[in-house]
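Structure first, then comments.
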Amino acid sequence: MNKIEGTNDFVIRFATVNGSGSASANNLFARSLFRMGLAVSAKNIFPSNIQGLPTWYEVRVSTSGSLARRGGVDMVVAVNGQTLRQDYVSLEPGGYFFFDSSKQLPEDFTRSDITLIGIPLTLLVNEAFAGSKQRPLLQNIVYVGAVAALLDMDLSMLKNGIGRQFAKKPALAEANLKALELGHSYAREHHADACLLRVRGNRRTDNAIMMDGNTAAALGALYAGATVVGWYPITPSTSVIEAFARYAGRFRLDEEGRLRVAIVQAEDELAAIGMVIGASWNGARSFTATSGPGFSLMNEFLGLAYFAEIPAVLINVQRVGPSTGMPTRTQQSDVLSCAYASHGDTKHVLLFPSTPAECFELTATAFDLAEELQTPVIVLSDLDLGMNEHVSPPLEWNDELAYQRGRVLDAVALAVLAEKAEKWGRYLDRDGDGIPWRTLPGTDPERGVYFTRGTSHNEFSGYTEDSAEYVKNMQRLSLKWETAKLKVPAALIQVGETTPGFATSPGLIYYGTSYAAVEEAAALLAQDYGLKPAILRLRAFPFGPEVADFLKQHRPIIVVEQNRDGQMRQLLINECSNECGVAPVDVLSLTLYDGMPLASREVLSGLRQLLDEHGLPEASSQSRQGESA
Amino acid sequence: MSFTRPSFRNPDIQPNAAGYSRRDYEGLISTLCAGCGHDSITSAIIQACFELSLPPHRIAKLSGIGCSSKTPAYFLAKSHGFNSVHGRMPAIATGANMANRDLIYLGVSGDGDTASIGMGQFVHVVRRNLNMVYIVMNNGCYGLTKGQYSATADKGSRSRKGAVNLLESIDLCEMAIQLGAGFVGRSFSGDKEQLVPLLKAALSHHGLSFLDVISPCVTFNNNPESTKSYHWVREHREESSGLDFVPFRQTINTSYSDGTTEAITLHDESVIYLHKPKAGPSITDRRMAIDALEDHKAKGRLLTGALYINPESQDTHDLLNTCREPLNSLGKDELCPGATVLAQINEAYR
């Protein structure tokens with residue numbers, strides 16, 4: 001048997017029961033690897049349940065620096081009886097099966113291509129600790145200690161982590177440290193040379209942070225000056241608001257201890273977005289966070305905000321649909337429903353962050369865009385980005401930059417207009433870019449008052465059923481959309497190379513959390529096949545001119561995304577084909593949508609299949625990384 | 001029919017204390033049916049705001065969808081208005097109020113807009129005790145879609161075509177009292193004497209003031225067998241008490257000595273005087289207020305007037321402990337923790 005070996009390059013999966021406290025032990029392990037400077041990706045694969053169902057925590061470290069989930073499992077820590085068989089079967093040949101040997105394995109567990117590592121977790125804990133409440137929690141730390149020993153991992157980071165976690169509870173810190181040593185010394189003693197996986201500290205991720213995207217988005221809203229939040233709890237978006245409230249409690253108190261923010265838990269998502277629209281109409285920066293089912297409920301109000309031209313910021317942390325779907329699994333399947341949300345002709349600005357740093361940056365940008373364009377802006381995150389902790393560049397903020405509050409006339413500006421006898425109407429296009437000027441309630445006793453409505457309105461916001469006035473207004477909204485194309489963050493492009501067998505270099509398009517897996521798969525394509533496609537990462541809708549250019553220049557185009565129907569592909573064809581002449585047949589789709597965070601092996605395998613049909617050359621070398629799972 | 005308002009005004013009408021004429025509180029000409037109760041309520045709103053000398057631009061008027069929700073176009077032309085979507089005025093009002101606590105929020109809704117499609121929003125805006133006036137122009141039917149019963153239509157009430165409503169009606173006042181509204185009243189569009197002081201008290205109250213105003217639909221629900229008709233309401237109405245409203249800072253030059261007058265001092269030190277026909281239950285007691293409504297209902301009578309007042313009521317801002325300045329007035333200096341703090345936050349995630 002060839003055991004899998006490698007230093008700083010493997011996948012370990014912890015199979016546990018949810019509600020057993022394993023998450024914090026697993027997190028301790030992953031964060032310690034991060035603090036040692038390794039490129040680590042940690043994915044919590046959890047059920048929509050509070051206690052008793054299977055949960056997995058998958059940790060990957062890579063020498064290449066990739067932060068993607070890889071696919072395949074090299075070591076499984078199988079401490080959940082419910083999934084023991086599944087975990088046993090799914091292990092890679094040459095892998096390591098870590099189990100609680102307090103109980104015997106079933107007789108038909110007869111694989112000869114893996115290494116069994118039995119540690120009597122239950123017995124060890126029962127001998128060493130009293131208290132039925134404490135034991136299961138400490139058992140988690142025992143397996144972490146044992147895994148550390150198997151990997152020949154320096155314990156100091158783990159010990160520091162325990163110290164930090166229990167800084168205010170010395171008795172618990174002591175018990176946890178004891179549990180860590182217990183697992184560590186048992187594994188050393190009984191399985192000294194069993195495992196050929198190793199971790200060694202390096203300083204690869206020196207400046208990076210390890211943060212979940214929801215916290216980063218919350219900080220983006222805090223920094224952008226959001227003062228009113230309307231929200232309704234829904235997985236996986238809830239922690240955006242929880243993090244926002246936590247930081248607001250620290251950084252938004254005035255001298256009297258009063259809050260410079262109003263966070264209102266609404267009765268439903270209809271009310272949540274209504275509050276955001278009411279507050280934005282009245283001149284506050286306001287946002288909500290939600291997920292698929294909540295977003296569906298917000299549709300009617302989004303149409304109002306689009307038509308009445310009211311700023312609104314919405315963070316949609318996507319989960320698996322349709323309907324209730326899989327609430328704790330990830331997907332990018334709300335692209336079309338967000339792009340065209342609500343009845344009638346509507347279009348909405350979308351932003352696609354790929355990392356926590358971008359969740360911060362693009363959420364802050366969303367507030368500027370919403371006010372500049374006077375329209376809803378939707379930040380499309382997902383469960384993987386929002387709830388998993390990602391190694392990310394640090395969050396960055398420039399104190400010199402002012403908030404872009406858009407076209408708002410105050411009393412002085414209104415007086416100047418009146419003096420010059422210039423016309424103002426709420427929906428009058430004075431600047432030729434489709435963006436009108438608004439006023440806020442309470443501004444001036446005599447000037448600037450208007451009536452906001454979702455009914456058809458003329459330039460002066462009067463009700464109208466006049467066809468010509470209606471059409472004129474809709475055309476101005478189209479012009480505003482054209483203006484938006486130049487204001488939203490541009491797509492990021494990596495130039496490709498022409499490859500033998502291809503008339504032009506192929507083009508890859510992706511967005512959001514597909515980032516790490518697609519970049520890794522593309523690097524492997526270059527390494528193994530000498531094929532270097534051009535890559536475009538979308539960061540916003542509407543698409544800027546660079547997107548149409550890219551579609552024009554490359555064949556084939558492959559859009560990688562995490563939904564069944566190739567929603568972004570549809571959106572690209574729908575929005576760009578008139579402009580750039582791209583034919584639907586030239587835009588291929590690679591869709592991976594099983595609800596798991598995207599794995600680089602799956603992306604590579606999918607890309608190979610698609611490119612094979614277009615003359616992919618023979619592989620020049622085959623690394624183990626490159627094998628499809 | 002004339003669609004322009006005559007410019008002539010009675011020169012004897014004096015401007016109010018803030019220097020505004022009554023005209024400054026008017027709006028466009030109504031396009032509702034001639035005789036619609038809603039137009040009388042519109043007129044009472046204009047009168048109440050004029051008498052209170054409220055600066056029109058410091059009022060925001062909000063509504064949902066329906067005949068009633070059209071009325072904000074017909075009053076307070078110098079106020080920002082927001083005609084939102086069906087049943088969702090409370091959410092817009094909540095957001096707007098959170099953004100700027102210094103304006104006066106006047107929400108107008110109907111019985112369909114509130115008691116059916118907007119029931120969830122109504123219930124929760126009351127629970128939050130948002131500082132606003134919430135008026136339901138209640139005619140028991142859907143006017144714009146031509147007369148279907150609404151959820152406030154009384155059981156047994158007959159429509160113009162003779163159909164009997166078989167479903168229980170929802171009493172919005174009882175619900176509002178139960179859910180924590182600070183001020184609850186019921187009135188009749190045909191009784192300005194009662195409605196104007198009620199509106200003035202509601203506008204001065206701190207917290208949610210809910211007014212259910214029976215407002216007959218002359219086109220679809222004004223037959224004598226309908227309990228929302230002019231005829232029926234006039235015949236069956238009883239007043240909880242006469243009501244005088246004395247705004248903050250106005251000299252109190254009346255005195256009552258009959259032993260049945262109750263004085264209630266509001267948050268802003270305005271005073272409401274209630275004159276009862278005989279000594280009765282206090283309207284600052286929630287249970288008594290609900291009992292009084294039920295007692296009259298059992299007798300086939302409709303109780304109107306101020307029904308419940310909580311002078312101590314705390315509004316949403318009080319409950320959320322938000323700062324005194326309007327949130328929409330805060331700038332980057334007060335809101336953004338800055339790059340140095342962000343560096344510390346980054347460090348905590350290393």
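Following the order of the structure tokens, first chain is A, next is B, and so on, with residues numbered from 1 inside each chain and ligands from 1 in the order they appear.
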**OP:** Write out as a PyMOL selection string every residue belonging to chain B that has an atom at most 6 Å from any atom of chain A, counting only C-alpha atoms.
**Re:** chain B and resi 57-58+80-83+91-92+94-96+99+321-323+328+335-336+339+349-350
Original post:
segment 49-55 of chain B: which residues within 6 Å, counting only C-alpha atoms, same-chain residues fewer than 3 positions away excluded, as a PyMOL selection string?
Top reply: chain B and resi 16-18+22+46+58
Original post:
What is the distance between atom CA of Gly107 of chain B and atom CA of Met89 of chain B, in Å to one decimal?
Top reply: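 The value is 7.0 Å.
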**OP:** Would you work out the distance separating atom CA of Asn49 of chain A from atom CA of Val240 of chain A, expressed in Å to one decimal?
**Re:**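 Rounded to one decimal, the two atoms are 19.6 Å apart.
Going from atom CA of Ala357 of chain A over to atom CA of Leu385 of chain A, you cover 10.8 Å.
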Subject >> Near-segment 14-18 of chain A list (9 Å; only C-alpha atoms; drop same-chain fewer than 4 positions) as a VMD selection string >> reply: chain A and resid 22 to 23 26 46 to 47 49 to 59 75 to 84 87
Near segment 224-238 of chain B, within 7 Å and counting only C-alpha atoms, which residues show up once chain neighbours fewer than 4 positions away are dropped, as a PDB file with N, CA and C atoms, in the first residue's frame?
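The result, written out as result33.pdb:
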```pdb
ATOM      1  N   ASN B 139     -64.055  51.691   5.615  1.00  0.00           N
ATOM      2  CA  ASN B 139     -65.392  51.637   5.004  1.00  0.00           C
ATOM      3  C   ASN B 139     -65.887  50.207   4.798  1.00  0.00           C
ATOM      4  N   GLY B 140     -65.134  49.239   5.298  1.00  0.00           N
ATOM      5  CA  GLY B 140     -65.608  47.856   5.263  1.00  0.00           C
ATOM      6  C   GLY B 140     -65.602  47.209   3.895  1.00  0.00           C
ATOM      7  N   ASP B 154     -68.670  44.087   9.260  1.00  0.00           N
ATOM      8  CA  ASP B 154     -69.260  43.363  10.387  1.00  0.00           C
ATOM      9  C   ASP B 154     -70.006  42.127   9.915  1.00  0.00           C
ATOM     10  N   SER B 157     -73.536  42.147   8.194  1.00  0.00           N
ATOM     11  CA  SER B 157     -73.755  43.378   7.431  1.00  0.00           C
ATOM     12  C   SER B 157     -74.138  43.007   6.000  1.00  0.00           C
ATOM     13  N   ARG B 158     -75.043  43.807   5.399  1.00  0.00           N
ATOM     14  CA  ARG B 158     -75.504  43.516   4.048  1.00  0.00           C
ATOM     15  C   ARG B 158     -74.927  44.500   3.047  1.00  0.00           C
ATOM     16  N   SER B 159     -74.553  43.989   1.896  1.00  0.00           N
ATOM     17  CA  SER B 159     -74.012  44.870   0.862  1.00  0.00           C
ATOM     18  C   SER B 159     -75.164  45.474   0.068  1.00  0.00           C
ATOM     19  N   ILE B 214     -64.435  55.494  10.850  1.00  0.00           N
ATOM     20  CA  ILE B 214     -65.456  54.904   9.986  1.00  0.00           C
ATOM     21  C   ILE B 214     -65.795  55.936   8.909  1.00  0.00           C
ATOM     22  N   PRO B 216     -67.808  56.051   5.397  1.00  0.00           N
ATOM     23  CA  PRO B 216     -68.665  55.316   4.460  1.00  0.00           C
ATOM     24  C   PRO B 216     -68.249  55.444   2.991  1.00  0.00           C
ATOM     25  N   ARG B 301     -73.876  48.663  19.740  1.00  0.00           N
ATOM     26  CA  ARG B 301     -73.502  50.068  19.629  1.00  0.00           C
ATOM     27  C   ARG B 301     -72.035  50.186  19.215  1.00  0.00           C
ATOM     28  N   LEU B 302     -71.716  51.317  18.640  1.00  0.00           N
ATOM     29  CA  LEU B 302     -70.346  51.562  18.189  1.00  0.00           C
ATOM     30  C   LEU B 302     -69.736  52.647  19.073  1.00  0.00           C
ATOM     31  N   LEU B 303     -68.736  52.284  19.845  1.00  0.00           N
ATOM     32  CA  LEU B 303     -68.110  53.242  20.756  1.00  0.00           C
ATOM     33  C   LEU B 303     -67.074  54.072  19.998  1.00  0.00           C
ATOM     34  N   THR B 304     -67.153  55.385  20.116  1.00  0.00           N
ATOM     35  CA  THR B 304     -66.188  56.259  19.435  1.00  0.00           C
ATOM     36  C   THR B 304     -65.553  57.211  20.448  1.00  0.00           C
TER      37      THR B 304
END
```
Subject >> DSSP-assigned strand (DSSP E) among segment 111-348 of chain A, expressed as a PyMOL selection string >> reply: chain A and resi 115-119+196-198+209-212+228-231+262-265+286-290+312-318
Please identify all polymer residues within 9 Å of Met1 of chain A, counting only C-alpha atoms, omitting same-chain residues fewer than 6 positions from it, and present them as a CSV table (one decimal) with C-alpha atoms, in the first residue's frame.
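Result file follows (out-v3.csv):
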```csv
chain,number,residue,atom,x,y,z
A,93,PRO,CA,-6.7,5.0,-1.4
A,94,GLY,CA,-3.6,5.4,0.7
A,112,SER,CA,-6.6,-2.9,2.6
A,113,ASP,CA,-5.6,0.3,0.9
A,114,ILE,CA,-5.9,2.6,3.9
A,115,THR,CA,-4.3,2.9,7.3
```
Excluding segment 193-204 of chain A and residues on its chain fewer than 4 positions from it, collect all residues at most 6 Å away from it, counting only C-alpha atoms, and give them as a JSON list (two decimals) with N, CA and C atoms, in the first residue's frame.
```json
[["chain", "number", "residue", "atom", "x", "y", "z"],
["A", 5, "GLU", "N", 1.46, 10.72, 1.13],
["A", 5, "GLU", "CA", 2.40, 11.51, 1.92],
["A", 5, "GLU", "C", 2.45, 12.93, 1.39],
["A", 6, "GLY", "N", 2.96, 13.80, 2.22],
["A", 6, "GLY", "CA", 3.06, 15.19, 1.78],
["A", 6, "GLY", "C", 3.21, 16.12, 2.97],
["A", 7, "THR", "N", 3.89, 17.21, 2.71],
["A", 7, "THR", "CA", 4.05, 18.22, 3.75],
["A", 7, "THR", "C", 3.23, 19.45, 3.36],
["A", 8, "ASN", "N", 2.41, 19.89, 4.27],
["A", 8, "ASN", "CA", 1.55, 21.07, 4.05],
["A", 8, "ASN", "C", 0.68, 20.93, 2.80],
["A", 36, "MET", "N", 0.29, 29.28, 11.70],
["A", 36, "MET", "CA", 1.62, 28.77, 11.36],
["A", 36, "MET", "C", 2.04, 29.26, 9.98],
["A", 37, "GLY", "N", 1.15, 29.96, 9.30],
["A", 37, "GLY", "CA", 1.50, 30.54, 8.02],
["A", 37, "GLY", "C", 1.14, 29.66, 6.83],
["A", 150, "LEU", "N", -0.04, 13.04, 14.90],
["A", 150, "LEU", "CA", 0.09, 12.29, 13.65],
["A", 150, "LEU", "C", 0.75, 13.14, 12.57],
["A", 151, "LEU", "N", 0.47, 14.44, 12.58],
["A", 151, "LEU", "CA", 1.02, 15.34, 11.56],
["A", 151, "LEU", "C", 2.38, 15.90, 11.98],
["A", 152, "ASP", "N", 2.84, 15.49, 13.17],
["A", 152, "ASP", "CA", 4.08, 16.04, 13.72],
["A", 152, "ASP", "C", 4.01, 17.56, 13.78],
["A", 153, "MET", "N", 2.88, 18.02, 14.26],
["A", 153, "MET", "CA", 2.61, 19.46, 14.28],
["A", 153, "MET", "C", 3.05, 20.04, 15.62]]
```
